[in-house]
>>> print(open('input-v4.tsv').read())   # TSV, C-alpha atoms
chain	number	residue	atom	x	y	z
A	72	MET	CA	117.81	59.59	144.18
A	73	THR	CA	115.62	60.55	141.24
A	74	THR	CA	112.10	59.41	140.75
A	75	PRO	CA	110.61	58.37	137.44
A	76	GLN	CA	108.40	61.47	137.38
A	77	THR	CA	111.38	63.84	137.71
A	78	ASP	CA	113.26	61.92	134.97
A	79	GLN	CA	110.28	62.39	132.65
A	80	GLN	CA	110.07	66.08	133.55
A	81	ARG	CA	113.80	66.55	132.94
A	82	ASN	CA	113.65	64.78	129.56
A	83	ARG	CA	110.63	66.86	128.51
A	84	ASN	CA	112.41	70.08	129.52
A	85	ARG	CA	115.53	69.08	127.57
A	86	THR	CA	113.43	68.26	124.51
A	87	MET	CA	111.66	71.62	124.77
A	88	LEU	CA	114.99	73.45	125.10
A	89	ILE	CA	116.41	71.64	122.05
A	90	ALA	CA	113.23	72.43	120.05
A	91	ILE	CA	113.42	76.13	120.95
A	92	PHE	CA	117.11	76.20	120.03
A	93	ALA	CA	116.40	74.43	116.69
A	94	ILE	CA	113.59	76.86	115.81
A	95	PHE	CA	115.79	79.84	116.69
A	96	LEU	CA	118.80	78.68	114.67
A	97	GLY	CA	116.65	77.21	111.89
A	98	SER	CA	115.12	80.61	111.13
A	99	PHE	CA	118.63	82.05	110.73
A	100	VAL	CA	119.64	79.21	108.42
A	101	VAL	CA	116.52	79.65	106.25
A	102	ALA	CA	116.95	83.46	106.13
A	103	GLY	CA	120.62	83.08	105.20
A	104	ALA	CA	119.82	80.56	102.47
A	105	LEU	CA	117.19	82.89	100.98
A	106	ARG	CA	119.49	85.88	101.19
A	107	PHE	CA	122.45	84.21	99.50
A	108	SER	CA	120.28	82.58	96.83
A	109	GLY	CA	119.26	86.06	95.64
A	110	TRP	CA	115.59	85.85	96.64
A	111	ARG	CA	114.00	89.13	97.71
A	112	PRO	CA	110.44	89.84	98.81
A	113	SER	CA	108.35	91.27	95.98
A	114	GLY	CA	107.87	94.51	97.93
A	115	LEU	CA	111.60	95.20	97.69
A	116	LYS	CA	112.01	94.56	93.96
A	117	ASN	CA	111.92	97.41	91.52
A	118	HIS	CA	109.91	97.00	88.32
A	119	GLY	CA	112.16	99.10	86.12
A	120	GLU	CA	115.59	97.98	84.99
A	121	LEU	CA	118.17	99.04	87.58
A	122	LEU	CA	121.05	100.58	85.65
A	123	GLN	CA	124.47	99.40	86.81
A	124	PRO	CA	126.38	101.67	86.72
A	125	PRO	CA	123.92	104.55	86.59
A	126	ALA	CA	124.37	107.09	83.80
A	127	ASP	CA	125.77	110.38	85.11
A	128	LEU	CA	123.96	113.50	83.87
A	129	ARG	CA	125.37	115.91	86.49
A	130	LYS	CA	127.67	117.69	84.06
A	131	MET	CA	124.87	118.12	81.50
A	132	GLU	CA	122.97	121.37	81.59
A	133	PRO	CA	119.54	120.76	80.07
A	134	VAL	CA	117.83	123.83	78.65
A	135	LEU	CA	114.10	124.32	79.05
A	136	ALA	CA	111.96	125.37	76.08
A	137	ASP	CA	111.93	128.98	77.34
A	138	GLY	CA	115.76	129.11	77.23
A	139	SER	CA	116.42	128.88	80.97
A	140	LEU	CA	118.73	126.22	82.40
A	141	TYR	CA	117.24	123.25	84.23
A	142	ARG	CA	119.40	122.69	87.31
A	143	TRP	CA	119.71	119.29	88.99
A	144	ASN	CA	119.85	120.92	92.47
A	145	PRO	CA	120.17	117.85	94.74
A	146	VAL	CA	119.26	119.85	97.86
A	147	GLU	CA	115.60	119.97	96.76
A	148	ARG	CA	115.44	116.14	96.66
A	149	THR	CA	113.49	116.19	93.39
A	150	TRP	CA	113.15	113.01	91.36
A	151	ARG	CA	112.76	113.19	87.58
A	152	ILE	CA	110.89	111.11	85.05
A	153	VAL	CA	112.66	111.66	81.72
A	154	VAL	CA	111.17	110.92	78.30
A	155	ALA	CA	113.39	111.24	75.22
A	156	PRO	CA	111.17	110.29	72.28
A	157	PRO	CA	112.37	110.14	68.68
A	158	ALA	CA	111.34	112.98	66.37
A	159	ASP	CA	108.74	110.87	64.55
A	160	CYS	CA	106.89	109.77	67.69
A	161	ALA	CA	103.18	110.45	67.33
A	162	GLN	CA	100.33	108.41	68.80
A	163	ALA	CA	102.61	106.38	71.10
A	164	CYS	CA	103.89	109.64	72.63
A	165	VAL	CA	100.39	111.04	73.15
A	166	LYS	CA	99.42	107.87	75.03
A	167	LEU	CA	102.68	107.87	77.00
A	168	ALA	CA	102.23	111.52	78.00
A	169	GLN	CA	98.70	110.80	79.25
A	170	GLU	CA	99.92	107.80	81.25
A	171	ILE	CA	102.79	109.75	82.82
A	172	ASP	CA	100.43	112.62	83.64
A	173	LEU	CA	98.17	110.15	85.46
A	174	VAL	CA	101.15	108.64	87.30
A	175	TRP	CA	102.24	112.13	88.36
A	176	GLN	CA	98.75	112.96	89.66
A	177	LEU	CA	98.68	109.73	91.70
A	178	PHE	CA	101.70	110.90	93.70
A	179	GLY	CA	99.33	113.29	95.49
A	180	ARG	CA	101.11	115.47	98.02
A	181	ASP	CA	104.50	114.12	96.89
A	182	ALA	CA	103.93	115.21	93.27
A	183	ASP	CA	105.81	118.46	93.90
A	184	HIS	CA	108.95	116.37	94.38
A	185	VAL	CA	108.71	114.81	90.90
A	186	HIS	CA	109.46	116.62	87.63
A	187	VAL	CA	108.49	115.19	84.26
A	188	LEU	CA	111.10	116.18	81.67
A	189	TRP	CA	110.15	115.77	78.00
A	190	MET	CA	113.01	116.14	75.52
A	191	GLY	CA	111.93	117.97	72.38
A	192	ALA	CA	108.50	119.21	71.44
A	193	PRO	CA	105.62	117.04	72.62
A	194	PRO	CA	103.42	115.76	69.79
A	195	ALA	CA	100.17	117.49	68.89
A	196	GLY	CA	97.46	116.47	71.31
A	197	VAL	CA	99.67	116.62	74.41
A	198	LYS	CA	98.86	119.47	76.72
A	199	THR	CA	102.04	121.00	78.13
A	200	THR	CA	101.30	121.57	81.81
A	201	VAL	CA	103.35	122.63	84.79
A	202	ARG	CA	104.11	119.01	85.55
A	203	LEU	CA	105.52	118.38	82.05
A	204	GLN	CA	108.63	120.47	81.55
A	205	GLN	CA	109.77	120.62	77.96
A	206	LEU	CA	113.51	120.44	77.36
A	207	ARG	CA	115.14	121.59	74.17
A	208	SER	CA	116.52	118.76	72.07
A	209	ALA	CA	120.06	118.04	73.18
A	210	PRO	CA	121.91	115.27	71.33
A	211	ALA	CA	124.52	114.94	74.12
A	212	LEU	CA	121.85	114.49	76.79
A	213	ARG	CA	119.92	112.04	74.63
A	214	ALA	CA	123.09	110.04	73.93
A	215	ALA	CA	123.79	109.81	77.68
A	216	LEU	CA	120.55	107.89	78.27
A	217	PRO	CA	121.15	104.11	78.09
A	218	ARG	CA	119.57	102.39	75.06
A	219	VAL	CA	117.40	105.42	74.28
A	220	ASP	CA	116.83	104.35	70.69
A	221	ASP	CA	115.65	100.85	71.60
A	222	ALA	CA	112.17	101.03	70.08
A	223	GLY	CA	111.05	97.86	71.80
A	224	THR	CA	110.20	94.43	70.53
A	225	ALA	CA	107.52	93.70	67.96
A	226	GLY	CA	104.86	93.28	70.63
A	227	ARG	CA	105.91	96.28	72.72
A	228	PRO	CA	106.41	99.40	70.60
A	229	GLY	CA	106.94	102.76	72.27
A	230	VAL	CA	109.48	104.95	73.99
A	231	PRO	CA	111.70	104.10	76.98
A	232	VAL	CA	111.29	106.17	80.15
A	233	TYR	CA	113.98	106.92	82.74
A	234	VAL	CA	114.04	107.83	86.42
A	235	VAL	CA	116.76	110.27	87.45
A	236	ASP	CA	117.66	110.69	91.12
A	237	PRO	CA	118.00	114.11	92.80
A	238	ASN	CA	121.75	114.20	92.08
A	239	GLY	CA	121.41	113.67	88.33
A	240	PHE	CA	122.08	109.93	88.00
A	241	VAL	CA	119.85	107.84	85.72
A	242	ILE	CA	119.03	104.90	87.96
A	243	LEU	CA	116.04	103.16	86.36
A	244	ARG	CA	114.99	102.46	82.77
A	245	TYR	CA	111.54	101.35	81.69
A	246	ALA	CA	111.48	99.51	78.37
A	247	PRO	CA	109.05	100.60	75.67
A	248	GLY	CA	105.54	99.35	76.38
A	249	PHE	CA	106.03	99.26	80.18
A	250	ASP	CA	103.14	99.29	82.65
A	251	PRO	CA	102.70	102.82	84.07
A	252	GLY	CA	101.69	101.28	87.42
A	253	ASP	CA	105.22	99.91	87.71
A	254	LEU	CA	106.67	103.40	87.27
A	255	ARG	CA	104.32	104.77	89.91
A	256	THR	CA	105.21	102.01	92.38
A	257	ASP	CA	108.96	102.47	91.97
A	258	VAL	CA	108.94	106.27	92.15
A	259	ALA	CA	106.55	106.27	95.12
A	260	ARG	CA	108.99	103.98	96.93
A	261	LEU	CA	111.88	106.31	96.05
A	262	LEU	CA	109.95	109.35	97.30
A	263	LYS	CA	109.83	107.74	100.75
A	264	LEU	CA	113.64	107.94	100.88
A	265	ARG	CA	113.55	111.72	101.34
>>> encode(input="input-v4.tsv", output="structure tokens")
Amino acid sequence: MTTPQTDQQRNRNRTMLIAIFAIFLGSFVVAGALRFSGWRPSGLKNHGELLQPPADLRKMEPVLADGSLYRWNPVERTWRIVVAPPADCAQACVKLAQEIDLVWQLFGRDADHVHVLWMGAPPAGVKTTVRLQQLRSAPALRAALPRVDDAGTAGRPGVPVYVVDPNGFVILRYAPGFDPGDLRTDVARLLKLR
């Protein structure tokens, strides 16, 4: 024979068990709904345009300004920031080179794993340093970069910038007038993949 106090205890225990079960399954339902709706936490989103499919530069053999070949060499796990400005780029390129130099410096100890490749001669006023490797103009390489001649919209003039993975695939594109902090954030996240 059950007493009223044990009936109350049993009902309270059942309610607690159902509540725990609902919380447990409810979190799965909410996570699944967020996942399949396409939502991602802001920390997992890249700021640059993810290129699908990525452009393949592996068969290209860029030539440095001194005449030596630039090898992709995936074993070194080196990421590249590629700038392919038009021939008439002047003040916008000087500003872009300064911004990319600052981004490169902010990588700190990981900066050795990032090469900055500049296609063609940098404009006057840009100091060519170890971190900025000048490539000879190569029409085939330039043509392989997605939307390289997109000069931006009226409010965002400039030059697009690309991120190339260690294997030689162009994976990210930054539209003209992009925020250099976005480039730094994305490449810093990629450097952690080593």
>>> residues_near_point(input="input-v4.tsv", point="(120.3, 114.0, 77.3)", cutoff="12 Å", atoms="all atoms listed in the file", output="compact mmCIF listing (two decimals) with C-alpha atoms, in the frame of the given file")
# COMPACT_ATOMS: atom_id res chain seq x y z
CA ALA A 126 124.37 107.09 83.80
CA ASP A 127 125.77 110.38 85.11
CA LEU A 128 123.96 113.50 83.87
CA ARG A 129 125.37 115.91 86.49
CA LYS A 130 127.67 117.69 84.06
CA MET A 131 124.87 118.12 81.50
CA GLU A 132 122.97 121.37 81.59
CA PRO A 133 119.54 120.76 80.07
CA VAL A 134 117.83 123.83 78.65
CA TYR A 141 117.24 123.25 84.23
CA VAL A 153 112.66 111.66 81.72
CA VAL A 154 111.17 110.92 78.30
CA ALA A 155 113.39 111.24 75.22
CA PRO A 156 111.17 110.29 72.28
CA LEU A 188 111.10 116.18 81.67
CA TRP A 189 110.15 115.77 78.00
CA MET A 190 113.01 116.14 75.52
CA GLY A 191 111.93 117.97 72.38
CA LEU A 206 113.51 120.44 77.36
CA ARG A 207 115.14 121.59 74.17
CA SER A 208 116.52 118.76 72.07
CA ALA A 209 120.06 118.04 73.18
CA PRO A 210 121.91 115.27 71.33
CA ALA A 211 124.52 114.94 74.12
CA LEU A 212 121.85 114.49 76.79
CA ARG A 213 119.92 112.04 74.63
CA ALA A 214 123.09 110.04 73.93
CA ALA A 215 123.79 109.81 77.68
CA LEU A 216 120.55 107.89 78.27
CA PRO A 217 121.15 104.11 78.09
CA ARG A 218 119.57 102.39 75.06
CA VAL A 219 117.40 105.42 74.28
CA TYR A 233 113.98 106.92 82.74
CA VAL A 235 116.76 110.27 87.45
CA GLY A 239 121.41 113.67 88.33
CA PHE A 240 122.08 109.93 88.00
CA VAL A 241 119.85 107.84 85.72
>>> residues_around(input="input-v4.tsv", residues="Trp150 of chain A", least_positions_apart="2", cutoff="7 Å", atoms="all atoms listed in the file", output="number ranges by chain")
A: 148, 152, 184-186, 235-237
>>> residues_around(input="input-v4.tsv", residues="segment 242-248 of chain A", least_positions_apart="2", cutoff="6 Å", atoms="only C-alpha atoms", output="PyMOL selection string")
chain A and resi 119-122+125+223+227-235+240
>>> closest_residue(input="input-v4.tsv", among="A:Asp159, A:Gly252, A:Arg260, A:Gln205", to="Ser139 of chain A", atoms="all atoms listed in the file")
A:Gln205
>>> atom_distance(input="input-v4.tsv", atom1="atom CA of Val187 of chain A", atom2="atom CA of Ile171 of chain A")
8.0 Å
>>> atom_distance(input="input-v4.tsv", atom1="atom CA of Leu105 of chain A", atom2="atom CA of Phe92 of chain A")
20.2 Å
>>> residues_around(input="input-v4.tsv", residues="Asn238 of chain A", least_positions_apart="6", cutoff="8 Å", atoms="all atoms listed in the file", output="list of chain:residue names")
A:Arg129, A:Trp143, A:Asn144, A:Pro145
